[in-house]
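J.: Provided herewith: upload_31.txt, compact mmCIF, C-alpha atoms and all ligand atoms.
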```
# COMPACT_ATOMS: atom_id res chain seq x y z
CA MET W 81 123.85 79.41 52.99
CA ALA W 82 124.37 76.09 54.71
CA SER W 83 126.06 73.50 52.51
CA LEU W 84 124.73 69.99 52.36
CA LEU W 85 128.30 68.83 52.84
CA GLU W 86 128.57 70.43 56.27
CA PRO W 87 127.65 68.22 59.20
CA PRO W 88 123.96 68.77 59.92
CA ALA W 89 122.85 70.66 62.98
CA GLN W 90 121.97 68.36 65.85
CA ARG W 91 118.44 69.64 65.90
CA ILE W 92 116.46 71.59 63.36
CA ASP W 93 116.38 75.33 63.72
CA THR W 94 112.79 76.14 64.68
CA THR W 95 113.29 79.91 64.83
CA PRO W 96 110.26 81.60 63.27
CA GLN W 97 111.04 83.20 59.93
CA PRO W 98 110.05 86.73 58.96
CA MET W 99 106.94 86.76 56.76
CA PRO W 100 107.88 87.67 53.18
CA ALA W 101 105.84 90.19 51.22
CA LEU W 102 102.93 88.46 49.46
CA SER W 103 101.03 89.65 46.42
CA GLY W 104 97.30 90.16 46.29
CA ARG W 105 97.11 88.89 42.73
CA PRO W 106 94.03 86.87 41.78
CA ILE W 107 94.51 83.08 41.70
CA ALA W 108 92.30 82.42 38.71
CA GLY W 109 90.67 79.09 37.89
CA SER W 110 92.37 79.04 34.49
CA ARG W 111 95.67 78.28 36.21
CA TYR W 112 94.22 74.81 36.77
CA TRP W 113 92.90 74.03 33.29
CA SER W 114 94.48 76.27 30.68
CA ARG W 115 96.72 74.43 28.21
CA ASP W 116 98.64 77.61 27.65
CA PHE W 117 99.33 77.93 31.38
CA MET W 118 100.35 74.27 31.50
CA GLU W 119 102.82 74.85 28.66
CA ARG W 120 104.28 77.88 30.43
CA GLU W 121 104.72 75.81 33.59
CA TRP W 122 106.48 73.11 31.60
CA GLU W 123 108.98 75.56 30.13
CA ALA W 124 109.54 77.65 33.26
CA ILE W 125 109.16 75.18 36.13
CA TRP W 126 109.24 71.48 35.24
CA THR W 127 112.26 71.80 32.98
CA LYS W 128 114.08 74.05 35.48
CA ALA W 129 113.35 72.81 39.00
CA TRP W 130 114.92 70.10 41.12
CA LEU W 131 112.48 67.19 41.30
CA ILE W 132 112.52 63.95 43.28
CA GLY W 133 112.86 61.20 40.68
CA GLY W 134 112.95 58.23 43.05
CA LEU W 135 114.84 56.61 45.89
CA ALA W 136 118.56 56.02 46.14
CA SER W 137 117.69 52.53 47.42
CA GLN W 138 116.25 51.75 43.97
CA VAL W 139 119.77 52.03 42.53
CA GLU W 140 121.77 50.44 45.31
CA LYS W 141 124.08 48.30 43.14
CA PRO W 142 125.88 48.99 39.84
CA GLY W 143 123.48 48.10 37.03
CA ASP W 144 120.33 48.98 39.02
CA PHE W 145 118.02 51.43 37.28
CA PHE W 146 114.62 53.06 37.55
CA THR W 147 112.57 55.36 35.35
CA TYR W 148 110.73 58.53 36.32
CA HIS W 149 108.08 60.05 34.09
CA ILE W 150 107.67 63.78 34.39
CA GLY W 151 105.21 65.41 32.01
CA ARG W 152 106.15 64.43 28.48
CA GLU W 153 109.63 63.21 29.47
CA SER W 154 110.89 59.93 30.83
CA ILE W 155 114.10 60.00 32.85
CA LEU W 156 116.31 56.96 33.35
CA VAL W 157 118.32 56.81 36.59
CA THR W 158 121.12 54.26 36.88
CA ARG W 159 124.02 53.33 39.10
CA GLY W 160 126.98 52.95 36.80
CA GLU W 161 129.70 50.34 36.91
CA ASP W 162 131.80 53.03 38.58
CA GLY W 163 129.24 53.29 41.39
CA VAL W 164 128.02 56.75 40.34
CA VAL W 165 124.30 57.50 40.19
CA ARG W 166 123.43 59.26 36.93
CA ALA W 167 120.27 60.37 35.18
CA PHE W 168 119.61 60.37 31.43
CA TYR W 169 116.79 61.15 29.08
CA ASN W 170 115.24 57.74 28.52
CA VAL W 171 115.73 58.03 24.77
CA CYS W 172 117.74 55.88 22.42
CA PRO W 173 120.10 58.17 20.50
CA HIS W 174 119.85 55.94 17.40
CA ARG W 175 116.36 56.88 16.25
CA GLY W 176 114.63 58.04 19.33
CA LYS W 177 112.74 55.11 20.76
CA ARG W 178 112.18 55.16 24.52
CA LEU W 179 115.06 52.99 25.73
CA VAL W 180 113.85 51.40 28.98
CA MET W 181 110.23 50.44 29.41
CA GLU W 182 110.38 48.96 32.92
CA GLU W 183 109.83 50.99 36.05
CA GLU W 184 112.91 49.54 37.74
CA GLY W 185 115.33 46.69 37.36
CA HIS W 186 118.90 45.58 37.00
CA ALA W 187 120.87 45.13 33.77
CA LYS W 188 124.50 44.89 32.74
CA ARG W 189 123.51 46.46 29.44
CA LEU W 190 120.43 48.54 28.62
CA ALA W 191 119.18 47.30 25.27
CA CYS W 192 116.93 49.16 22.87
CA SER W 193 114.24 46.88 21.50
CA TYR W 194 114.13 48.58 18.05
CA HIS W 195 117.56 47.90 16.49
CA GLY W 196 119.40 46.35 19.40
CA TRP W 197 121.78 49.13 20.45
CA ARG W 198 123.08 48.48 23.96
CA PHE W 199 124.33 50.92 26.57
CA THR W 200 126.33 50.53 29.75
CA PRO W 201 124.63 51.80 32.91
CA ASP W 202 127.19 54.63 32.72
CA GLY W 203 125.36 55.79 29.57
CA GLU W 204 127.93 54.76 26.97
CA LEU W 205 127.05 52.97 23.78
CA ALA W 206 128.66 49.52 24.07
CA PHE W 207 127.20 47.50 21.20
CA VAL W 208 125.53 48.07 17.83
CA PRO W 209 124.61 45.46 15.25
CA CYS W 210 126.67 45.81 12.02
CA PRO W 211 129.21 48.31 13.39
CA GLU W 212 131.09 48.26 10.05
CA ASP W 213 128.02 49.76 8.36
CA PHE W 214 128.52 53.23 9.88
CA ALA W 215 130.41 55.89 7.98
CA GLY W 216 133.28 56.89 10.24
CA GLY W 217 133.33 53.52 11.96
CA SER W 218 131.43 52.05 14.87
CA PRO W 219 129.61 54.61 17.03
CA CYS W 220 130.40 52.51 20.12
CA GLY W 221 132.36 54.47 22.70
CA LYS W 222 131.49 57.72 20.87
CA VAL W 223 127.74 58.00 21.45
CA ARG W 224 126.28 58.49 24.93
CA LEU W 225 122.80 58.82 26.36
CA ALA W 226 121.88 62.47 26.90
CA GLU W 227 122.58 63.20 30.56
CA VAL W 228 120.36 65.02 33.03
CA ARG W 229 121.54 66.76 36.22
CA CYS W 230 121.24 64.45 39.19
CA GLU W 231 122.07 64.55 42.91
CA VAL W 232 121.52 62.09 45.72
CA PHE W 233 120.38 63.67 48.97
CA ALA W 234 118.32 62.59 51.98
CA SER W 235 117.83 59.11 50.46
CA PHE W 236 116.28 60.50 47.26
CA VAL W 237 117.60 60.85 43.73
CA TRP W 238 116.85 64.39 42.60
CA VAL W 239 116.93 65.32 38.92
CA ASN W 240 116.90 68.59 37.06
CA LEU W 241 116.37 68.95 33.30
CA ASP W 242 118.16 72.31 33.30
CA PRO W 243 121.89 71.83 32.70
CA ASP W 244 122.50 75.32 34.14
CA ALA W 245 120.45 74.88 37.31
CA ALA W 246 121.99 75.96 40.62
CA PRO W 247 123.04 73.02 42.84
CA LEU W 248 120.31 71.22 44.79
CA ALA W 249 121.59 72.64 48.11
CA GLU W 250 120.89 76.11 46.84
CA HIS W 251 117.39 75.17 45.72
CA LEU W 252 116.53 73.52 49.05
CA GLY W 253 118.01 76.41 51.01
CA PRO W 254 117.17 76.18 54.74
CA VAL W 255 115.02 73.06 54.25
CA GLY W 256 118.05 70.94 53.24
CA PRO W 257 119.81 70.93 56.64
CA GLN W 258 116.46 70.38 58.39
CA LEU W 259 115.84 67.37 56.23
CA GLU W 260 119.25 65.94 57.08
CA CYS W 261 118.29 65.87 60.76
CA TYR W 262 115.68 63.21 59.99
CA ARG W 263 118.10 60.61 58.64
CA MET W 264 115.89 59.57 55.80
CA GLU W 265 118.47 56.99 54.77
CA GLN W 266 117.59 54.98 57.89
CA MET W 267 113.94 54.70 56.86
CA ARG W 268 112.27 52.16 54.60
CA ARG W 269 109.47 52.84 52.17
CA THR W 270 106.51 50.84 53.48
CA HIS W 271 103.70 52.32 51.38
CA TRP W 272 103.95 53.22 47.68
CA VAL W 273 100.85 54.27 45.77
CA THR W 274 100.42 56.30 42.58
CA LEU W 275 97.01 57.58 41.60
CA GLU W 276 96.13 59.11 38.27
CA GLY W 277 93.76 61.89 39.25
CA ASP W 278 91.38 64.06 37.26
CA TRP W 279 92.63 67.29 38.72
CA ASN W 280 95.48 69.72 38.15
CA TRP W 281 98.69 69.03 40.08
CA LYS W 282 98.38 72.34 41.95
CA CYS W 283 95.23 71.14 43.76
CA VAL W 284 97.54 68.77 45.63
CA GLN W 285 100.20 71.31 46.53
CA ASP W 286 97.57 73.91 47.49
CA ASN W 287 95.92 71.38 49.77
CA PHE W 288 99.09 70.49 51.62
CA ASN W 289 99.93 74.16 51.95
CA GLU W 290 97.09 74.80 54.35
CA SER W 291 95.47 73.19 57.37
CA TYR W 292 92.29 75.28 57.25
CA HIS W 293 90.49 72.20 55.83
CA LEU W 294 91.45 69.85 58.67
CA PRO W 295 88.29 69.86 60.82
CA PHE W 296 86.07 69.36 57.75
CA VAL W 297 88.01 66.96 55.57
CA HIS W 298 89.62 65.08 58.48
CA PRO W 299 87.09 65.20 61.32
CA GLN W 300 89.08 62.62 63.28
CA THR W 301 92.00 65.07 63.67
CA ARG W 302 89.99 67.26 65.99
CA PHE W 303 90.57 64.72 68.74
CA VAL W 304 94.30 64.78 68.91
CA MET W 305 95.41 67.79 66.95
CA GLU W 306 95.12 71.39 67.96
CA GLN W 307 92.96 73.03 65.34
CA SER W 308 93.67 76.58 66.20
CA TYR W 309 95.94 78.08 63.59
CA ARG W 310 96.99 80.54 66.29
CA GLU W 311 98.90 77.73 67.97
CA CYS W 312 100.70 76.72 64.78
CA GLN W 313 103.92 78.14 63.46
CA PHE W 314 104.06 78.87 59.73
CA ASP W 315 107.30 79.74 57.98
CA LEU W 316 107.65 80.80 54.37
CA TYR W 317 111.10 80.57 52.88
CA ALA W 318 111.62 83.29 50.34
CA PRO W 319 113.00 83.23 47.75
CA HIS W 320 113.13 79.43 47.69
CA GLY W 321 109.36 78.98 47.65
CA HIS W 322 109.32 76.27 50.35
CA ALA W 323 107.29 76.41 53.55
CA ARG W 324 106.82 74.61 56.84
CA MET W 325 104.22 74.33 59.55
CA PHE W 326 104.55 73.14 63.14
CA MET W 327 101.27 72.05 64.67
CA PRO W 328 100.82 70.71 68.20
CA GLY W 329 99.67 67.11 68.29
CA SER W 330 98.69 64.41 70.78
CA ARG W 331 96.32 66.62 72.68
CA PRO W 332 92.60 67.13 72.33
CA ALA W 333 91.30 70.23 70.64
CA ARG W 334 89.49 72.72 72.82
CA SER W 335 86.02 71.65 71.72
CA LEU W 336 86.70 68.03 72.73
CA ARG W 337 88.31 68.49 76.06
CA GLY W 338 85.18 67.14 77.76
CA HIS W 339 85.24 63.93 75.70
CA ALA W 340 87.87 61.96 77.58
CA ASP W 341 86.56 58.54 76.50
CA THR W 342 86.99 59.26 72.81
CA VAL W 343 90.39 60.83 73.24
CA LEU W 344 91.72 58.05 75.48
CA GLN W 345 90.38 55.36 73.20
CA MET W 346 92.06 56.90 70.17
CA MET W 347 95.38 57.20 71.93
CA SER W 348 95.32 54.04 74.00
CA ARG W 349 97.52 51.91 71.74
CA GLU W 350 100.27 54.49 71.51
CA LEU W 351 100.09 55.28 75.23
CA ALA W 352 100.37 51.60 76.08
CA TYR W 353 103.38 51.18 73.75
CA TRP W 354 105.14 53.89 75.73
CA GLY W 355 104.17 52.39 79.08
CA LEU W 356 101.47 54.94 79.94
CA ASP W 357 98.07 54.11 81.33
CA PRO W 358 95.28 55.96 79.48
CA GLU W 359 93.25 56.08 82.70
CA ASP W 360 95.87 58.33 84.28
CA PHE W 361 94.79 61.04 81.84
CA ARG W 362 91.03 60.81 82.26
CA GLU W 363 90.92 63.99 84.38
CA ASP W 364 93.43 65.86 82.28
CA PRO W 365 93.83 64.61 78.68
CA LEU W 366 95.80 67.78 77.98
CA ALA W 367 98.68 66.25 79.93
CA ILE W 368 99.07 63.46 77.32
CA ARG W 369 101.31 65.45 75.02
CA GLU W 370 103.98 66.19 77.59
CA ALA W 371 103.76 62.75 79.16
CA LEU W 372 104.31 61.14 75.77
CA GLN W 373 107.26 63.40 75.08
CA ARG W 374 108.80 62.44 78.42
CA ALA W 375 108.18 58.74 77.88
CA LYS W 376 109.66 58.79 74.39
CA ARG W 377 112.67 60.70 75.63
CA GLU W 378 113.20 58.26 78.51
CA LYS W 379 112.35 54.97 76.80
CA GLY W 380 113.15 55.73 73.15
CA ALA W 381 116.69 54.34 73.23
CA ALA W 382 115.60 51.09 74.90
CA LYS W 383 113.00 50.64 72.14
CA GLY W 384 115.58 51.23 69.43
CA TYR W 385 114.90 54.89 68.61
CA ASP W 386 117.55 57.56 68.61
CA TYR W 387 115.73 60.78 69.40
CA ALA W 388 118.87 62.77 70.17
CA ARG W 389 118.32 65.11 67.24
CA PHE W 390 114.64 65.68 67.99
CA HIS W 391 113.12 68.56 69.87
CA ASP W 392 110.50 67.44 72.39
CA ALA W 393 107.83 68.84 70.11
CA GLN W 394 108.94 66.52 67.31
CA LEU W 395 108.05 63.54 69.48
CA THR W 396 104.34 64.39 69.35
CA ASP W 397 103.67 67.28 66.96
CA HIS W 398 103.22 67.69 63.24
CA PHE W 399 106.22 69.05 61.37
CA HIS W 400 104.99 69.57 57.85
CA TYR W 401 106.92 70.98 54.87
CA THR W 402 106.32 71.81 51.24
CA ILE W 403 109.16 71.95 48.74
CA PHE W 404 108.61 73.92 45.56
CA PRO W 405 107.24 72.92 43.17
CA ASN W 406 105.57 69.60 43.91
CA ILE W 407 106.60 67.89 47.15
CA SER W 408 105.09 67.92 50.58
CA PHE W 409 106.14 65.86 53.55
CA SER W 410 105.21 65.40 57.17
CA LEU W 411 107.75 64.15 59.64
CA LYS W 412 106.67 61.92 62.51
CA PRO W 413 108.58 60.32 65.35
CA ASP W 414 108.31 56.90 63.69
CA GLY W 415 108.56 57.80 60.04
CA CYS W 416 107.37 60.29 57.50
CA ILE W 417 104.91 60.69 54.70
CA TRP W 418 106.00 62.13 51.34
CA LEU W 419 103.59 63.29 48.65
CA ARG W 420 104.42 64.25 45.10
CA ALA W 421 102.19 65.68 42.37
CA ASP W 422 103.50 65.39 38.83
CA PRO W 423 101.86 66.96 35.79
CA HIS W 424 100.18 64.85 33.14
CA PRO W 425 102.01 64.79 29.77
CA THR W 426 99.21 66.54 27.87
CA ASP W 427 96.16 67.26 30.03
CA PRO W 428 96.19 70.13 32.54
CA GLU W 429 93.16 68.59 34.25
CA ARG W 430 94.96 65.38 35.13
CA CYS W 431 98.03 64.58 37.18
CA PHE W 432 99.85 61.78 38.97
CA PHE W 433 99.78 61.75 42.72
CA ASP W 434 102.33 59.68 44.62
CA MET W 435 102.09 58.76 48.25
CA TRP W 436 105.10 57.24 49.96
CA TYR W 437 105.29 56.35 53.61
CA PHE W 438 108.73 55.80 55.08
CA THR W 439 108.95 53.94 58.34
CA TRP W 440 111.73 54.46 60.81
CA PHE W 441 112.15 50.94 62.16
CA PRO W 442 113.53 50.86 65.70
CA GLU W 443 116.94 49.21 65.96
CA GLY W 444 116.55 45.41 65.88
CA VAL W 445 112.83 45.49 65.05
CA ASP W 446 111.60 44.21 61.69
CA ARG W 447 107.88 44.30 62.19
CA TYR W 448 105.80 46.61 64.29
CA TYR W 449 102.73 48.82 64.42
CA ALA W 450 103.48 52.26 62.97
CA TYR W 451 101.23 54.69 64.81
CA SER W 452 101.54 57.46 62.27
CA MET W 453 100.32 55.14 59.51
CA GLY W 454 97.94 53.17 61.68
CA GLN W 455 99.10 49.77 60.40
CA GLU W 456 101.57 46.94 60.80
CA VAL W 457 104.71 47.40 58.73
CA ASP W 458 107.47 44.96 57.87
CA ARG W 459 111.07 45.88 57.14
CA THR W 460 111.89 42.65 55.33
CA THR W 461 109.11 42.63 52.72
CA PRO W 462 109.71 44.99 49.77
CA VAL W 463 106.68 47.17 49.31
CA PRO W 464 105.00 46.80 45.89
CA HIS W 465 104.22 49.85 43.79
CA ARG W 466 100.46 50.00 43.44
CA ARG W 467 99.03 52.18 40.68
CA GLY W 468 95.43 53.02 39.96
CA VAL W 469 92.77 55.63 39.74
CA VAL W 470 91.00 57.35 42.59
CA GLY W 471 88.84 54.98 44.60
CA GLU W 472 90.82 51.89 43.57
CA LEU W 473 93.68 52.24 46.01
CA SER W 474 94.12 53.66 49.46
CA CYS W 475 96.81 56.15 50.40
CA GLY W 476 95.92 55.66 54.06
CA PRO W 477 92.78 56.99 55.73
CA GLY W 478 93.94 60.61 56.16
CA ILE W 479 95.26 61.15 52.64
CA ASP W 480 92.24 59.37 51.11
CA GLN W 481 90.13 62.13 52.62
CA ASP W 482 92.24 64.77 50.87
CA VAL W 483 92.09 62.86 47.59
CA SER W 484 88.30 62.72 47.79
CA ILE W 485 88.14 66.51 47.44
CA TRP W 486 90.22 67.28 44.36
CA SER W 487 88.04 65.91 41.53
CA GLU W 488 85.13 68.00 42.71
CA GLN W 489 87.36 71.00 43.27
CA GLN W 490 88.69 70.73 39.72
CA LYS W 491 85.12 70.84 38.38
CA GLY W 492 84.48 74.03 40.34
CA LEU W 493 87.74 75.62 39.27
CA ARG W 494 86.68 74.89 35.66
CA SER W 495 83.30 76.56 36.11
CA ARG W 496 82.46 79.93 34.55
CA GLY W 497 81.11 80.82 37.97
CA TYR W 498 84.43 80.55 39.78
CA ARG W 499 85.92 83.99 40.33
CA GLY W 500 89.29 83.07 41.85
CA ALA W 501 90.46 82.16 45.35
CA HIS W 502 89.49 84.06 48.52
CA LEU W 503 92.24 83.14 50.93
CA ALA W 504 92.23 83.30 54.73
CA GLY W 505 95.30 84.58 56.51
CA GLN W 506 96.28 81.02 57.50
CA GLU W 507 96.33 80.10 53.80
CA ALA W 508 99.34 82.35 53.25
CA ARG W 509 101.35 79.34 52.08
CA VAL W 510 98.89 78.86 49.20
CA ARG W 511 99.39 82.50 48.21
CA PHE W 512 103.16 82.11 48.57
CA PHE W 513 103.10 78.98 46.37
CA HIS W 514 101.27 80.83 43.59
CA ASP W 515 103.50 83.87 43.94
CA THR W 516 106.48 81.55 43.53
CA ILE W 517 104.94 79.99 40.41
CA ASP W 518 104.44 83.48 38.97
CA ARG W 519 108.02 84.43 39.79
CA TRP W 520 109.32 81.34 37.94
CA LEU W 521 107.00 82.00 35.00
CA GLU W 522 108.21 85.58 34.75
CA ALA W 523 111.90 84.71 35.18
S1 LIG R 601 115.99 53.38 18.00
FE1 LIG R 601 117.12 52.31 19.48
S2 LIG R 601 118.35 50.97 18.39
FE2 LIG R 601 117.27 52.06 16.90
FE FE R 602 94.32 67.17 54.47
```
How does the structure come out when it is put into C-alpha cells?

T.:
Amino acid sequence: MASLLEPPAQRIDTTPQPMPALSGRPIAGSRYWSRDFMEREWEAIWTKAWLIGGLASQVEKPGDFFTYHIGRESILVTRGEDGVVRAFYNVCPHRGKRLVMEEEGHAKRLACSYHGWRFTPDGELAFVPCPEDFAGGSPCGKVRLAEVRCEVFASFVWVNLDPDAAPLAEHLGPVGPQLECYRMEQMRRTHWVTLEGDWNWKCVQDNFNESYHLPFVHPQTRFVMEQSYRECQFDLYAPHGHARMFMPGSRPARSLRGHADTVLQMMSRELAYWGLDPEDFREDPLAIREALQRAKREKGAAKGYDYARFHDAQLTDHFHYTIFPNISFSLKPDGCIWLRADPHPTDPERCFFDMWYFTWFPEGVDRYYAYSMGQEVDRTTPVPHRRGVVGELSCGPGIDQDVSIWSEQQKGLRSRGYRGAHLAGQEARVRFFHDTIDRWLEA
C-alpha cells in the first residue's frame, strides 16, 4: 500500500479497477429510519471510521481551535503550544460539562464556564480554583482532556474515535495518493454551508454514489456533460469502501448536438477566458473539449495554474470520489467541491449536510470568476459559515437540486409501500456503499 509519506505520483493512476463482488441483499427502507439501525451504525461506523473534522487552516497557529459535532459527540481540535494538532472529546473532566461552546476561535487557555477549570491547548489542566481543596493535591498537570486520534492530511484534520483504528493512510487506501495530486493545501474554502435536513445521512451518500439522476435532477448538465454511463469509468475500491467516477465534460450530450446556440452560450465565458472563440465551434461543438484541454495546457502557466500533475481529461472532465462513510468530492481544474453528511445526535430521519467549495486561485490572483462554482470568489475575504435549514441557504445551483430531492425521498423510504431499492447496473456504487456498511456492522 502506498504510504502518505511517500512523494505523491505526478499524476493520478487512472487504471480501471477490477469490479469487486457485490451482494444482492435488499436495501430496505428501515435502514433510513430505524433507531436500532442508527444505534448500530453509531457503534460500528461513526465511532470507528476516520472522519473529516475540519480544515487544518482553522488551526493554523498555536492556540487556534475548532469544534466538530458528530452524532452525540463534540470533538475539540486544537493546535498546541508545541505546534501539534490534537483532537479531544469536548468534555470537561471535572464534572462533564461541554468545555468549548464556540465553533472556532483562539485561546491561550480553554476555560470551562462551570467551575473555571482551564486547559492548555495541548489538553493539560493548567488552573483550578482552590487547588488546595483536592485530596492528593492540585490536579493541575495530572489531569488531561481525553484525546481522540487525529491526523492532518490533504488540508483536512481527520479524527477517529477508535483508539485502535488503523492509520488514516490505510483507511484511504488508493484514494490517499490520488488526493495528494490535487494539492488541497493550495486551495481556499470559498463556500461553507451547513444544512440541517429532514432525511437520513445515507440519502446524501447514495445520491453522490450515482449519476443516473443527472438528466432529471440537473437538466442543465445535459448540455455539457456526457450522460451516457457507458462513457464513464467507475471504480470501486474494495475493501476500503471508497469509489470514483470519471465522466467526460465540456462537450454536448448526444441529444443536444444539434443545439449549438445553447451549448455555445453556456460555455462562452469559459471559452473566452481561455482565448477561444465560441463561434469557431458552431459547426462542431464536440471539438470544445479537446480545444479547452489544449488551451489550458498551453496557457495555464501564464494564468497562474500549474497543471503539470493533471491528465488532459482532468482539465475538462468530472473526477468524482466518495470516501466511506460520509464524504464525497468532485475535483475540477479550478477547485473542488466537498460534501459531508453527518448523522443527527438522536433522530435517524435528520442529518447535517455540509457543502464546502475550495477554490484554486491562480498564482497572483485574488479575485476571479470560478467556472466550476459559477460565481466570483475572493481569496482575501474569509468565507462565513452559514447554517440553516433546507430552502434558507444555497449550496450552489447544482447541489441545491440534489438537496431538493432528499426530504421527499425520506418520506417514501418511510412508507409501508416501499419494498427496497431496485438498482440499475450504473448504481453499483450505491450497492457497494451498503455492502460496506453491512461489512462494518458485522465486523
Ligand atoms: S465541569 Fe468544568 S469546571 Fe466543573
Ligand atoms: Fe446530483

J.: Enumerate, in order of chain and increasing residue number, the residues of chain W with an atom no farther than 8 Å from ligand FE 602 (chain R), each with its shortest atom pair and distance in Å to one decimal, counting all atoms listed in the file, as a Markdown table.

T.:
```
| residue | atom | partner | partner_atom | distance |
| --- | --- | --- | --- | --- |
| W:Asn287 | CA | R:FE602 | FE | 6.5 |
| W:Phe288 | CA | R:FE602 | FE | 6.5 |
| W:Ser291 | CA | R:FE602 | FE | 6.8 |
| W:His293 | CA | R:FE602 | FE | 6.5 |
| W:Leu294 | CA | R:FE602 | FE | 5.7 |
| W:Val297 | CA | R:FE602 | FE | 6.4 |
| W:His298 | CA | R:FE602 | FE | 6.5 |
| W:Gly478 | CA | R:FE602 | FE | 6.8 |
| W:Ile479 | CA | R:FE602 | FE | 6.4 |
| W:Gln481 | CA | R:FE602 | FE | 6.8 |
| W:Asp482 | CA | R:FE602 | FE | 4.8 |
```

J.: Mind dumping a table of every chain W residue within 8 Å of ligand LIG 601 (chain R), with the nearest atom pair and its distance in Å to one decimal, using all atoms listed in the file, sorted by chain and rising number, as CSV?

T.:
```
residue,atom,partner,partner_atom,distance
W:Val171,CA,R:LIG601,FE1,7.9
W:Cys172,CA,R:LIG601,FE1,4.7
W:Pro173,CA,R:LIG601,FE1,6.7
W:His174,CA,R:LIG601,S1,4.7
W:Arg175,CA,R:LIG601,S1,3.9
W:Gly176,CA,R:LIG601,S1,5.0
W:Lys177,CA,R:LIG601,S1,4.6
W:Arg178,CA,R:LIG601,FE1,7.6
W:Leu179,CA,R:LIG601,FE1,6.6
W:Ala191,CA,R:LIG601,S2,7.8
W:Cys192,CA,R:LIG601,FE1,4.6
W:Ser193,CA,R:LIG601,FE1,6.5
W:Tyr194,CA,R:LIG601,FE2,4.8
W:His195,CA,R:LIG601,S2,3.7
W:Gly196,CA,R:LIG601,S2,4.8
W:Trp197,CA,R:LIG601,S2,4.4
W:Arg198,CA,R:LIG601,S2,7.7
W:Val208,CA,R:LIG601,S2,7.8
```

J.: Which one is closest to Val139 of chain W: W:Ala187, W:Asn170, W:Arg115, W:Trp520? Count only C-alpha atoms.

T.: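 Counting only C-alpha atoms, the residue closest to Val139 of chain W is W:Ala187.
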
J.: Give me, as a list in words, all polymer residues having an atom no more than 9 Å from segment 345-362 of chain W, counting only C-alpha atoms and skipping those fewer than 3 positions away in the same chain.

T.: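 Skipping anything fewer than 3 positions along the chain leaves Phe303, Val304, Ser330, Ala340, Asp341, Thr342, Pro365, Leu366, Ala367, Ile368, Ala371, Leu372, Ala375, Lys376, Lys379, Gly380 and Tyr451 of chain W.
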
J.: If we count only C-alpha atoms and set the cut-off at 9 Å, which residues sit around segment 125-133 of chain W, ignoring sequence neighbours fewer than 6 positions away in its own chain? Please answer as a PDB file with C-alpha atoms, in the coordinates of the input.

T.:
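Final file, selection.pdb:
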```pdb
ATOM      1  CA  PHE W 146     114.620  53.060  37.550  1.00  0.00           C
ATOM      2  CA  THR W 147     112.570  55.360  35.350  1.00  0.00           C
ATOM      3  CA  TYR W 148     110.730  58.530  36.320  1.00  0.00           C
ATOM      4  CA  HIS W 149     108.080  60.050  34.090  1.00  0.00           C
ATOM      5  CA  ILE W 150     107.670  63.780  34.390  1.00  0.00           C
ATOM      6  CA  GLY W 151     105.210  65.410  32.010  1.00  0.00           C
ATOM      7  CA  ILE W 155     114.100  60.000  32.850  1.00  0.00           C
ATOM      8  CA  VAL W 157     118.320  56.810  36.590  1.00  0.00           C
ATOM      9  CA  ARG W 229     121.540  66.760  36.220  1.00  0.00           C
ATOM     10  CA  CYS W 230     121.240  64.450  39.190  1.00  0.00           C
ATOM     11  CA  PHE W 236     116.280  60.500  47.260  1.00  0.00           C
ATOM     12  CA  VAL W 237     117.600  60.850  43.730  1.00  0.00           C
ATOM     13  CA  TRP W 238     116.850  64.390  42.600  1.00  0.00           C
ATOM     14  CA  VAL W 239     116.930  65.320  38.920  1.00  0.00           C
ATOM     15  CA  ASN W 240     116.900  68.590  37.060  1.00  0.00           C
ATOM     16  CA  LEU W 241     116.370  68.950  33.300  1.00  0.00           C
ATOM     17  CA  ASP W 242     118.160  72.310  33.300  1.00  0.00           C
ATOM     18  CA  PRO W 243     121.890  71.830  32.700  1.00  0.00           C
ATOM     19  CA  ASP W 244     122.500  75.320  34.140  1.00  0.00           C
ATOM     20  CA  ALA W 245     120.450  74.880  37.310  1.00  0.00           C
ATOM     21  CA  PRO W 247     123.040  73.020  42.840  1.00  0.00           C
ATOM     22  CA  LEU W 248     120.310  71.220  44.790  1.00  0.00           C
ATOM     23  CA  HIS W 251     117.390  75.170  45.720  1.00  0.00           C
ATOM     24  CA  LEU W 252     116.530  73.520  49.050  1.00  0.00           C
ATOM     25  CA  PHE W 404     108.610  73.920  45.560  1.00  0.00           C
ATOM     26  CA  PRO W 405     107.240  72.920  43.170  1.00  0.00           C
ATOM     27  CA  ASN W 406     105.570  69.600  43.910  1.00  0.00           C
ATOM     28  CA  ILE W 407     106.600  67.890  47.150  1.00  0.00           C
ATOM     29  CA  ARG W 420     104.420  64.250  45.100  1.00  0.00           C
ATOM     30  CA  PRO W 423     101.860  66.960  35.790  1.00  0.00           C
ATOM     31  CA  ILE W 517     104.940  79.990  40.410  1.00  0.00           C
ATOM     32  CA  TRP W 520     109.320  81.340  37.940  1.00  0.00           C
ATOM     33  CA  LEU W 521     107.000  82.000  35.000  1.00  0.00           C
TER      34      LEU W 521
END
```

J.: With 7 Å as the threshold, what does the neighbourhood of (117.0, 44.9, 58.4) contain in terms of residues, counting all atoms listed in the file? Coordinates are those of the file; answer as a ChimeraX atom specification.

T.: /W:446,459-460

J.: Select from segment 271-331 of chain W every residue with an atom at most 12 Å from any atom of segment 118-123 of chain W, then for each give the shortest pair of atoms and their distance in Å to one decimal, using only C-alpha atoms, rows by chain and rising number, as JSON lines.

T.:
```
{"residue": "W:Asn280", "atom": "CA", "partner": "W:Met118", "partner_atom": "CA", "distance": 9.4}
{"residue": "W:Trp281", "atom": "CA", "partner": "W:Met118", "partner_atom": "CA", "distance": 10.2}
{"residue": "W:Lys282", "atom": "CA", "partner": "W:Met118", "partner_atom": "CA", "distance": 10.8}
```

J.: Could you check which of W:Met181, W:Ile485, W:Ala501, W:Val255 is closest to Thr94 of chain W, using only C-alpha atoms?

T.: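 Among the listed residues, the smallest separation from Thr94 of chain W belongs to W:Val255.
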
J.: What is the distance between atom CA of Ala318 of chain W and atom CA of Ala393 of chain W, in Å to one decimal?

T.: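 Those two atoms sit 24.8 Å apart.
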
J.: Go through W:Gln138, W:Gln285, W:Gln300, W:Gln313 one by one, measure the shortest atom-to-atom distance of each to Ala333 of chain W using only C-alpha atoms, and give the residue with the smallest value.

T.: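 Of the candidates, the smallest distance to Ala333 of chain W is held by W:Gln300.
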